[in-house]
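A.B. asks: Quick one, target35.txt (compact mmCIF, C-alpha atoms and all ligand atoms):
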```
# COMPACT_ATOMS: atom_id res chain seq x y z
CA MET A 110 -18.78 -12.49 1.89
CA SER A 111 -17.82 -15.96 2.99
CA THR A 112 -14.53 -16.34 1.13
CA THR A 113 -11.30 -16.17 3.12
CA PRO A 114 -9.90 -12.65 2.91
CA VAL A 115 -6.36 -12.26 1.58
CA ILE A 116 -5.55 -9.90 4.46
CA GLU A 117 -7.46 -10.05 7.72
CA ALA A 118 -6.65 -8.30 10.96
CA THR A 119 -8.65 -8.67 14.16
CA ASP A 120 -8.35 -6.80 17.44
CA LEU A 121 -5.24 -5.10 16.14
CA LYS A 122 -3.92 -2.61 18.67
CA VAL A 123 -0.74 -0.56 18.56
CA ALA A 124 0.31 1.64 21.48
CA PHE A 125 3.25 3.99 21.69
CA GLY A 126 3.67 4.44 25.41
CA GLY A 127 0.28 5.60 26.67
CA ASN A 128 -0.90 6.60 23.19
CA LEU A 129 -3.16 4.03 21.54
CA ALA A 130 -2.29 4.83 17.92
CA LEU A 131 -4.41 2.04 16.44
CA ASN A 132 -7.47 0.17 17.68
CA LEU A 133 -8.98 -1.93 14.93
CA PRO A 134 -11.63 -4.56 15.71
CA ARG A 135 -11.50 -5.92 12.17
CA LEU A 136 -10.07 -5.15 8.77
CA ALA A 137 -10.39 -7.47 5.79
CA VAL A 138 -9.23 -7.18 2.21
CA GLN A 139 -10.69 -9.69 -0.21
CA GLU A 140 -8.94 -11.20 -3.19
CA LYS A 141 -8.60 -8.73 -6.09
CA GLU A 142 -9.96 -5.94 -3.97
CA LEU A 143 -8.55 -2.43 -3.73
CA VAL A 144 -9.27 -1.06 -0.27
CA GLY A 145 -8.37 2.50 0.60
CA VAL A 146 -7.55 3.69 4.11
CA VAL A 147 -7.78 7.45 4.40
CA GLY A 148 -7.43 9.90 7.23
CA ALA A 149 -5.60 12.99 8.32
CA ASN A 150 -1.96 13.19 9.29
CA GLY A 151 -1.43 11.16 12.47
CA ALA A 152 -4.65 9.15 12.07
CA GLY A 153 -2.73 5.88 12.26
CA LYS A 154 -2.50 4.92 8.59
CA SER A 155 1.21 4.10 8.57
CA THR A 156 0.88 2.45 11.97
CA LEU A 157 -1.72 0.14 10.42
CA VAL A 158 0.26 -1.02 7.38
CA ASN A 159 3.42 -1.31 9.45
CA ALA A 160 1.61 -3.43 12.05
CA LEU A 161 0.31 -5.75 9.30
CA LEU A 162 3.92 -6.32 8.36
CA GLY A 163 5.19 -6.56 11.93
CA TRP A 164 7.41 -3.54 11.51
CA SER A 165 7.64 -0.24 13.31
CA ARG A 166 9.74 2.86 13.58
CA GLY A 167 9.71 2.98 17.38
CA ALA A 168 8.98 0.29 19.94
CA PRO A 169 5.18 0.10 20.15
CA LYS A 170 3.21 -2.52 22.00
CA VAL A 171 1.34 -4.48 19.34
CA SER A 172 -1.42 -7.00 19.95
CA GLY A 173 -4.02 -8.78 17.87
CA ASN A 174 -4.09 -11.12 14.92
CA VAL A 175 -3.07 -10.79 11.30
CA ARG A 176 -3.88 -13.47 8.74
CA LEU A 177 -2.73 -13.84 5.17
CA ASP A 178 -4.97 -16.18 3.17
CA GLY A 179 -6.31 -17.46 6.47
CA ARG A 180 -2.87 -18.26 7.86
CA GLU A 181 -1.92 -16.57 11.11
CA ILE A 182 1.21 -14.48 10.51
CA SER A 183 1.27 -12.24 13.56
CA GLY A 184 3.95 -14.43 15.13
CA LEU A 185 6.20 -14.07 12.08
CA GLU A 186 9.12 -11.73 11.65
CA THR A 187 8.76 -9.01 9.04
CA HIS A 188 11.03 -10.75 6.54
CA GLU A 189 8.99 -13.94 6.87
CA ARG A 190 5.79 -12.00 6.16
CA VAL A 191 7.48 -10.47 3.12
CA ASN A 192 8.49 -13.95 1.94
CA SER A 193 4.84 -14.96 2.28
CA GLY A 194 4.02 -12.28 -0.26
CA LEU A 195 2.88 -9.39 1.92
CA LEU A 196 4.82 -6.46 0.50
CA LEU A 197 4.87 -2.88 1.73
CA ILE A 198 5.95 0.14 -0.23
CA PRO A 199 6.61 2.53 2.64
CA GLU A 200 6.19 6.29 2.66
CA GLY A 201 9.87 6.84 1.90
CA LYS A 202 9.76 4.25 -0.93
CA LEU A 203 12.29 1.46 -1.18
CA VAL A 204 14.68 2.48 -3.88
CA PHE A 205 18.47 2.35 -3.90
CA GLY A 206 19.75 5.80 -4.78
CA GLN A 207 23.19 4.65 -5.84
CA LEU A 208 21.89 1.99 -8.22
CA THR A 209 20.40 2.61 -11.64
CA VAL A 210 16.75 1.85 -12.34
CA GLU A 211 17.87 -1.28 -14.16
CA GLU A 212 20.03 -2.37 -11.22
CA ASN A 213 17.25 -1.62 -8.74
CA LEU A 214 15.00 -3.97 -10.67
CA ALA A 215 17.68 -6.65 -10.97
CA ALA A 216 18.98 -6.48 -7.40
CA LEU A 217 16.29 -8.64 -5.90
CA GLY A 218 18.06 -11.97 -5.68
CA ASP A 219 16.21 -15.21 -6.21
CA VAL A 220 12.55 -14.86 -5.53
CA LYS A 221 10.59 -17.82 -4.28
CA VAL A 222 7.03 -17.29 -5.42
CA GLY A 223 4.30 -19.43 -3.92
CA ASP A 224 0.71 -20.25 -4.86
CA GLY A 225 -1.54 -17.49 -6.13
CA ARG A 226 1.43 -15.24 -6.81
CA ARG A 227 3.05 -14.01 -9.96
CA ALA A 228 6.42 -12.31 -10.20
CA TYR A 229 6.57 -9.70 -12.96
CA SER A 230 9.56 -9.80 -15.28
CA VAL A 231 11.69 -6.70 -15.87
CA ASP A 232 10.12 -6.37 -19.34
CA GLU A 233 6.65 -6.53 -17.86
CA VAL A 234 7.31 -3.76 -15.37
CA TYR A 235 8.86 -1.66 -18.14
CA SER A 236 5.73 -2.04 -20.24
CA LEU A 237 3.64 -1.07 -17.22
CA PHE A 238 5.88 1.95 -16.54
CA PRO A 239 7.41 3.06 -19.87
CA ARG A 240 8.96 5.99 -18.02
CA LEU A 241 11.15 3.59 -16.04
CA HIS A 242 12.40 2.09 -19.29
CA GLU A 243 13.33 5.54 -20.56
CA ARG A 244 15.14 6.21 -17.28
CA ARG A 245 16.69 2.75 -16.89
CA HIS A 246 20.27 4.04 -16.87
CA HIS A 247 19.58 6.79 -14.34
CA LEU A 248 20.44 6.42 -10.67
CA GLY A 249 17.64 6.05 -8.14
CA SER A 250 18.78 9.31 -6.58
CA GLN A 251 18.24 11.12 -9.90
CA LEU A 252 14.60 10.14 -10.22
CA SER A 253 11.66 12.40 -9.55
CA GLY A 254 9.25 11.54 -6.73
CA GLY A 255 6.82 10.02 -9.20
CA GLU A 256 9.49 7.93 -10.88
CA ARG A 257 10.73 6.70 -7.51
CA GLN A 258 7.18 5.73 -6.64
CA MET A 259 6.84 3.78 -9.89
CA LEU A 260 10.18 2.07 -9.23
CA GLY A 261 9.05 1.13 -5.72
CA ILE A 262 5.90 -0.48 -7.12
CA ALA A 263 7.89 -2.12 -9.92
CA ARG A 264 10.32 -3.67 -7.43
CA ALA A 265 7.43 -5.04 -5.39
CA LEU A 266 5.87 -6.56 -8.52
CA ARG A 267 9.16 -8.26 -9.36
CA LEU A 268 8.79 -10.10 -6.02
CA GLY A 269 5.40 -11.56 -6.93
CA PRO A 270 3.26 -10.00 -4.21
CA ARG A 271 0.29 -11.86 -2.82
CA ALA A 272 -0.90 -8.51 -1.52
CA LEU A 273 0.53 -5.03 -1.76
CA LEU A 274 0.42 -2.42 0.99
CA LEU A 275 0.98 1.09 -0.34
CA ASP A 276 1.69 3.91 2.08
CA GLU A 277 0.75 7.26 0.53
CA PRO A 278 2.01 6.68 -3.01
CA SER A 279 0.71 10.11 -4.03
CA ILE A 280 2.77 12.06 -1.52
CA GLY A 281 4.95 14.71 -3.12
CA LEU A 282 3.70 13.98 -6.63
CA ALA A 283 2.53 16.51 -9.17
CA PRO A 284 -1.29 16.34 -9.43
CA ARG A 285 -1.10 14.87 -12.93
CA LEU A 286 1.12 12.05 -11.69
CA VAL A 287 -1.11 11.28 -8.71
CA SER A 288 -3.86 9.95 -10.94
CA THR A 289 -1.37 8.17 -13.20
CA VAL A 290 0.10 6.25 -10.27
CA LEU A 291 -3.28 5.49 -8.70
CA GLU A 292 -4.75 4.40 -12.02
CA THR A 293 -1.82 2.04 -12.48
CA VAL A 294 -2.59 0.59 -9.05
CA ARG A 295 -6.21 0.17 -10.17
CA SER A 296 -5.11 -1.66 -13.32
CA LEU A 297 -2.91 -3.98 -11.27
CA VAL A 298 -5.92 -4.86 -9.14
CA ASN A 299 -8.00 -5.38 -12.28
CA SER A 300 -5.41 -7.89 -13.42
CA GLY A 301 -5.63 -9.83 -10.16
CA LEU A 302 -3.61 -8.12 -7.44
CA THR A 303 -4.95 -7.43 -3.94
CA VAL A 304 -4.08 -3.99 -2.56
CA LEU A 305 -4.46 -2.00 0.63
CA LEU A 306 -3.86 1.62 -0.28
CA VAL A 307 -3.18 4.21 2.40
CA GLU A 308 -3.81 7.77 1.25
CA GLN A 309 -4.20 11.24 2.63
CA ASN A 310 -5.43 12.31 -0.80
CA VAL A 311 -9.05 11.20 -0.36
CA ARG A 312 -10.22 12.90 -3.51
CA ALA A 313 -7.80 10.89 -5.66
CA ALA A 314 -8.17 7.64 -3.72
CA ILE A 315 -11.96 7.56 -3.91
CA GLU A 316 -11.72 7.52 -7.72
CA VAL A 317 -9.90 4.18 -7.81
CA VAL A 318 -10.76 2.14 -4.70
CA ASP A 319 -13.51 -0.44 -4.30
CA ARG A 320 -13.97 0.25 -0.64
CA LEU A 321 -12.92 3.13 1.58
CA ILE A 322 -12.13 3.15 5.30
CA LEU A 323 -11.86 6.42 7.20
CA LEU A 324 -9.50 6.42 10.18
CA GLU A 325 -9.53 9.01 12.93
CA ARG A 326 -7.22 8.74 15.93
CA GLY A 327 -6.54 5.11 15.17
CA ARG A 328 -10.18 4.08 14.87
CA ILE A 329 -12.46 3.32 11.95
CA VAL A 330 -15.14 6.01 11.93
CA ALA A 331 -16.66 5.28 8.52
CA GLU A 332 -16.38 2.48 6.01
CA GLY A 333 -18.14 1.43 2.83
CA PRO A 334 -18.09 1.06 -0.96
CA ALA A 335 -16.40 4.01 -2.66
CA ALA A 336 -19.61 5.15 -4.34
CA ALA A 337 -21.50 5.27 -1.05
CA MET A 338 -18.62 6.91 0.80
CA ARG A 339 -18.65 9.78 -1.64
CA ASP A 340 -21.98 10.76 -0.14
CA ASP A 341 -20.95 10.07 3.45
CA PRO A 342 -21.02 13.40 5.26
CA ARG A 343 -17.80 12.64 7.17
CA ILE A 344 -15.98 12.16 3.88
CA ALA A 345 -17.78 14.84 1.94
CA GLU A 346 -17.40 17.57 4.54
CA ALA A 347 -13.87 16.88 5.58
CA TYR A 348 -12.32 16.00 2.25
CA LEU A 349 -14.45 16.63 -0.77
CA GLY A 350 -15.39 20.19 0.11
CA ALA A 351 -19.14 19.70 0.40
CA HIS A 352 -19.41 23.12 1.95
CA ALA A 353 -16.75 24.78 -0.12
CA GLY A 354 -18.07 27.67 -2.11
N1 LIG B 401 7.68 5.82 16.43
C1 LIG B 401 6.68 6.43 17.07
N2 LIG B 401 6.79 6.80 18.36
C2 LIG B 401 5.77 7.40 19.00
N3 LIG B 401 4.57 7.67 18.45
C3 LIG B 401 4.39 7.32 17.17
C4 LIG B 401 5.43 6.68 16.40
N4 LIG B 401 4.95 6.44 15.16
C5 LIG B 401 3.69 6.93 15.14
N5 LIG B 401 3.35 7.44 16.34
C6 LIG B 401 2.04 8.05 16.69
O1 LIG B 401 1.02 7.24 16.21
C7 LIG B 401 -0.03 8.03 15.65
C8 LIG B 401 -0.28 7.62 14.23
O2 LIG B 401 0.85 7.92 13.42
P1 LIG B 401 0.94 7.45 11.93
O3 LIG B 401 0.47 6.03 11.83
O4 LIG B 401 2.30 7.75 11.44
O5 LIG B 401 -0.14 8.39 11.21
P2 LIG B 401 -0.43 8.61 9.67
O6 LIG B 401 0.38 7.63 8.89
O7 LIG B 401 -1.91 8.40 9.52
O8 LIG B 401 -0.05 10.02 9.37
C9 LIG B 401 0.40 9.47 15.81
O9 LIG B 401 -0.22 9.98 16.96
C10 LIG B 401 1.89 9.37 15.98
O10 LIG B 401 2.38 10.42 16.74
MG MG B 402 1.78 7.91 7.42
```
Could you write out this structure as structure tokens?

C.D. replies:
Amino acid sequence: MSTTPVIEATDLKVAFGGNLALNLPRLAVQEKELVGVVGANGAGKSTLVNALLGWSRGAPKVSGNVRLDGREISGLETHERVNSGLLLIPEGKLVFGQLTVEENLAALGDVKVGDGRRAYSVDEVYSLFPRLHERRHHLGSQLSGGERQMLGIARALRLGPRALLLDEPSIGLAPRLVSTVLETVRSLVNSGLTVLLVEQNVRAAIEVVDRLILLERGRIVAEGPAAAMRDDPRIAEAYLGAHAG
């Protein structure tokens, strides 16, 4: 593909002390593509999305390049990357517990939305997530895990993301809700959004992504279109239970 990727990282390395948590020669997400990054606990999935955003929990040594629509952003602060439209919904979600759903969706201030971006209105996110409309007068702290996840995505959409980074949206959700949330992500991509989806739930992720990347100890060990990856022995054996039963 010769088009400029929406997200492109090259030689991205993240080290916590002597532990090289991420070593990524290249990662690219094309426009309107849904790319899944899967791997076991500790594989480096959160480290990856956090590094794309220039954020971290500790004080890692980060090197390499990150580009958004071809523009180098690795020198930018996290808030500047967010303003450029790179939005992360972290593992813990980003929901205010003491505000109602309605207030969470309103409390975003004035959003400056640049080229190729579209900020969803409150009504639009309610029609995408009818459950949030039903719960609009409830506090963030009163929501279920699935509802909080939906609210996190809804808040990101209100900001007009150029690209969305999702860190394990299925975590803690009832199995029925896992596919609901991931299918909503798929439909957002179908309507033009670009998404990098981090998941431990390979079985659910492989149903919705275009392309799948398998991380082990911070390195890409397998990568390809979802359909092909289903037959990849590293995916099949480890996650899809090829040898089960
Ligand atoms: N703040 C930190 N301090 C030290 N090591 C960390 C920190 N965050 C992550 N790591 C290490 O980086 C590796 C990858 O972690 P992480 O990206 O959180 O994995 P995943 O999200 O795939 O479960 C692990 O070995 C983890 O211990
Ligand atoms: Mg993680």

A.B. asks: Restricting the calculation to all atoms listed in the file: of A:Arg271, A:Arg180, A:Lys154, A:His246, which residue gets closest to Glu325 in chain A?

C.D. replies: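 When distances to Glu325 in chain A are compared using all atoms listed in the file, the smallest one comes from A:Lys154.
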
A.B. asks: Please produce, as a tab-separated table, a per-residue contact table for chain A versus ligand LIG 401 (chain B) (criterion: any atom at most 9 Å away, all atoms listed in the file considered), showing the nearest atom pair and its distance in Å to one decimal, sorted by chain then residue number.

C.D. replies:
```
residue	atom	partner	partner_atom	distance
A:Val123	CA	B:LIG401	O1	8.3
A:Ala124	CA	B:LIG401	O1	7.7
A:Phe125	CA	B:LIG401	C2	5.0
A:Gly126	CA	B:LIG401	C2	7.4
A:Asn128	CA	B:LIG401	O9	7.1
A:Leu129	CA	B:LIG401	O1	7.5
A:Ala130	CA	B:LIG401	O1	4.4
A:Leu131	CA	B:LIG401	C8	7.3
A:Val147	CA	B:LIG401	O7	7.8
A:Gly148	CA	B:LIG401	O7	6.2
A:Ala149	CA	B:LIG401	O7	6.0
A:Asn150	CA	B:LIG401	O8	3.7
A:Gly151	CA	B:LIG401	O5	3.3
A:Ala152	CA	B:LIG401	O7	3.8
A:Gly153	CA	B:LIG401	O3	3.2
A:Lys154	CA	B:LIG401	O7	3.7
A:Ser155	CA	B:LIG401	O6	3.6
A:Thr156	CA	B:LIG401	O3	3.6
A:Leu157	CA	B:LIG401	O3	6.4
A:Val158	CA	B:LIG401	O3	8.3
A:Asn159	CA	B:LIG401	O3	8.3
A:Ser165	CA	B:LIG401	N1	6.8
A:Arg166	CA	B:LIG401	N1	4.6
A:Gly167	CA	B:LIG401	N1	3.6
A:Ala168	CA	B:LIG401	N1	6.7
A:Pro169	CA	B:LIG401	N2	7.1
A:Glu200	CA	B:LIG401	O6	8.6
A:Asp276	CA	B:LIG401	O6	7.9
A:Glu277	CA	B:LIG401	O6	8.4
A:Val307	CA	B:LIG401	O6	8.2
A:Glu308	CA	B:LIG401	O7	8.5
A:Gln309	CA	B:LIG401	O7	7.8
A:Leu324	CA	B:LIG401	O7	7.9
A:Glu325	CA	B:LIG401	O7	8.4
A:Arg326	CA	B:LIG401	O9	7.2
A:Gly327	CA	B:LIG401	C8	6.8
```

A.B. asks: When distances are computed from only C-alpha atoms, which of A:Leu266, A:Val294, A:Ile280, A:Leu286 shows the smallest separation from Asn310 in chain A?

C.D. replies: A:Ile280

A.B. asks: Nearest residue to ligand MG 402 (chain B) out of A:Leu143, A:Asn174, A:Gly301, A:Ile198, using only C-alpha atoms and all ligand atoms?

C.D. replies: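 Comparing A:Leu143, A:Asn174, A:Gly301, A:Ile198 against ligand MG 402 (chain B), the winner is A:Ile198.
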
A.B. asks: Can you work out the spacing between CA of Leu305 in chain A and CA of Leu291 in chain A in Å, to one decimal?

C.D. replies: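 Separating CA of Leu305 in chain A from CA of Leu291 in chain A is a distance of 12.0 Å.
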
A.B. asks: Calculated over all atoms listed in the file, which of the candidates A:Ser193, A:Thr187, A:Ser253, A:Ser236 has the smallest distance to Pro270 in chain A?

C.D. replies: A:Ser193

A.B. asks: Can you work out which one of A:Gly249, A:Pro342, A:Pro199, A:Gly281 has the shortest atom-to-atom distance to ligand MG 402 (chain B), counting all atoms listed in the file?

C.D. replies: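 Among the listed residues, the smallest separation from ligand MG 402 (chain B) belongs to A:Pro199.
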
A.B. asks: How far is it from CA of Arg227 in chain A to CA of Arg267 in chain A, in Å with one decimal?

C.D. replies: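 Value for the CA of Arg227 in chain A-CA of Arg267 in chain A distance: 8.4 Å.
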
A.B. asks: Hey, which bits of range 218-326 of chain A sit within 6 Å of range 202-213 of chain A, and for each residue what's the closest pair of atoms and how far apart in Å (one decimal), counting only C-alpha atoms, rows by chain and increasing number, as JSON lines?

C.D. replies:
```
{"residue": "A:Arg245", "atom": "CA", "partner": "A:Val210", "partner_atom": "CA", "distance": 4.6}
{"residue": "A:His246", "atom": "CA", "partner": "A:Thr209", "partner_atom": "CA", "distance": 5.4}
{"residue": "A:His247", "atom": "CA", "partner": "A:Thr209", "partner_atom": "CA", "distance": 5.0}
{"residue": "A:Leu248", "atom": "CA", "partner": "A:Thr209", "partner_atom": "CA", "distance": 3.9}
{"residue": "A:Gly249", "atom": "CA", "partner": "A:Gly206", "partner_atom": "CA", "distance": 4.0}
{"residue": "A:Ser250", "atom": "CA", "partner": "A:Gly206", "partner_atom": "CA", "distance": 4.1}
{"residue": "A:Gly261", "atom": "CA", "partner": "A:Leu203", "partner_atom": "CA", "distance": 5.6}
```

A.B. asks: Nearest to ligand MG 402 (chain B) among A:Pro284, A:Gly184, A:Gly173, A:Pro278, with distances taken over only C-alpha atoms and all ligand atoms: which residue is it?

C.D. replies: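 Ranked by minimum distance to ligand MG 402 (chain B), first place goes to A:Pro278.
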
A.B. asks: Got a moment to write range 178-204 of chain A out with N, CA and C atoms, as a short mmCIF file (atom, residue, chain, number, x, y, z; two decimals), in the first residue's frame?

C.D. replies:
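Result file result.cif:
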```cif
data_model
loop_
_atom_site.label_atom_id
_atom_site.label_comp_id
_atom_site.auth_asym_id
_atom_site.auth_seq_id
_atom_site.Cartn_x
_atom_site.Cartn_y
_atom_site.Cartn_z
N ASP A 178 -0.84 10.74 10.16
CA ASP A 178 -1.03 11.28 8.81
C ASP A 178 0.28 11.80 8.22
N GLY A 179 1.35 11.10 8.50
CA GLY A 179 2.64 11.46 7.92
C GLY A 179 3.39 12.53 8.70
N ARG A 180 2.74 13.12 9.69
CA ARG A 180 3.39 14.18 10.47
C ARG A 180 4.04 13.57 11.71
N GLU A 181 5.32 13.89 11.89
CA GLU A 181 6.04 13.38 13.06
C GLU A 181 5.46 13.97 14.34
N ILE A 182 5.03 13.09 15.25
CA ILE A 182 4.46 13.61 16.51
C ILE A 182 5.23 13.13 17.73
N SER A 183 6.33 12.40 17.50
CA SER A 183 7.01 11.84 18.68
C SER A 183 7.64 12.91 19.56
N GLY A 184 7.80 14.13 19.04
CA GLY A 184 8.32 15.20 19.89
C GLY A 184 7.23 15.92 20.66
N LEU A 185 5.97 15.56 20.38
CA LEU A 185 4.86 16.29 21.00
C LEU A 185 4.48 15.73 22.37
N GLU A 186 4.00 16.62 23.21
CA GLU A 186 3.44 16.19 24.49
C GLU A 186 2.14 15.43 24.24
N THR A 187 1.76 14.62 25.23
CA THR A 187 0.54 13.83 25.09
C THR A 187 -0.68 14.70 24.74
N HIS A 188 -0.85 15.82 25.43
CA HIS A 188 -2.05 16.62 25.16
C HIS A 188 -2.05 17.19 23.74
N GLU A 189 -0.84 17.42 23.21
CA GLU A 189 -0.77 17.92 21.83
C GLU A 189 -1.13 16.81 20.84
N ARG A 190 -0.74 15.57 21.18
CA ARG A 190 -1.10 14.44 20.31
C ARG A 190 -2.62 14.23 20.34
N VAL A 191 -3.19 14.40 21.54
CA VAL A 191 -4.64 14.27 21.67
C VAL A 191 -5.33 15.35 20.84
N ASN A 192 -4.83 16.57 20.91
CA ASN A 192 -5.41 17.65 20.12
C ASN A 192 -5.31 17.37 18.63
N SER A 193 -4.28 16.61 18.23
CA SER A 193 -4.15 16.25 16.82
C SER A 193 -5.14 15.16 16.42
N GLY A 194 -5.84 14.60 17.39
CA GLY A 194 -6.88 13.64 17.06
C GLY A 194 -6.53 12.20 17.38
N LEU A 195 -5.38 11.99 18.04
CA LEU A 195 -5.02 10.63 18.45
C LEU A 195 -5.56 10.43 19.86
N LEU A 196 -6.61 9.63 19.98
CA LEU A 196 -7.29 9.48 21.26
C LEU A 196 -7.17 8.07 21.78
N LEU A 197 -6.86 7.96 23.06
CA LEU A 197 -6.72 6.66 23.71
C LEU A 197 -7.82 6.46 24.74
N ILE A 198 -8.45 5.31 24.69
CA ILE A 198 -9.33 4.92 25.77
C ILE A 198 -8.57 3.86 26.56
N PRO A 199 -8.02 4.28 27.70
CA PRO A 199 -7.11 3.40 28.43
C PRO A 199 -7.85 2.26 29.12
N GLU A 200 -7.07 1.33 29.64
CA GLU A 200 -7.64 0.15 30.30
C GLU A 200 -8.64 0.52 31.39
N GLY A 201 -8.32 1.54 32.17
CA GLY A 201 -9.23 1.94 33.25
C GLY A 201 -10.40 2.81 32.79
N LYS A 202 -10.50 3.05 31.46
CA LYS A 202 -11.50 3.96 30.89
C LYS A 202 -11.24 5.39 31.36
N LEU A 203 -11.98 6.30 30.77
CA LEU A 203 -11.80 7.70 31.16
C LEU A 203 -13.16 8.31 31.42
N VAL A 204 -13.71 7.94 32.55
CA VAL A 204 -15.07 8.36 32.86
C VAL A 204 -15.05 9.01 34.24
#
```
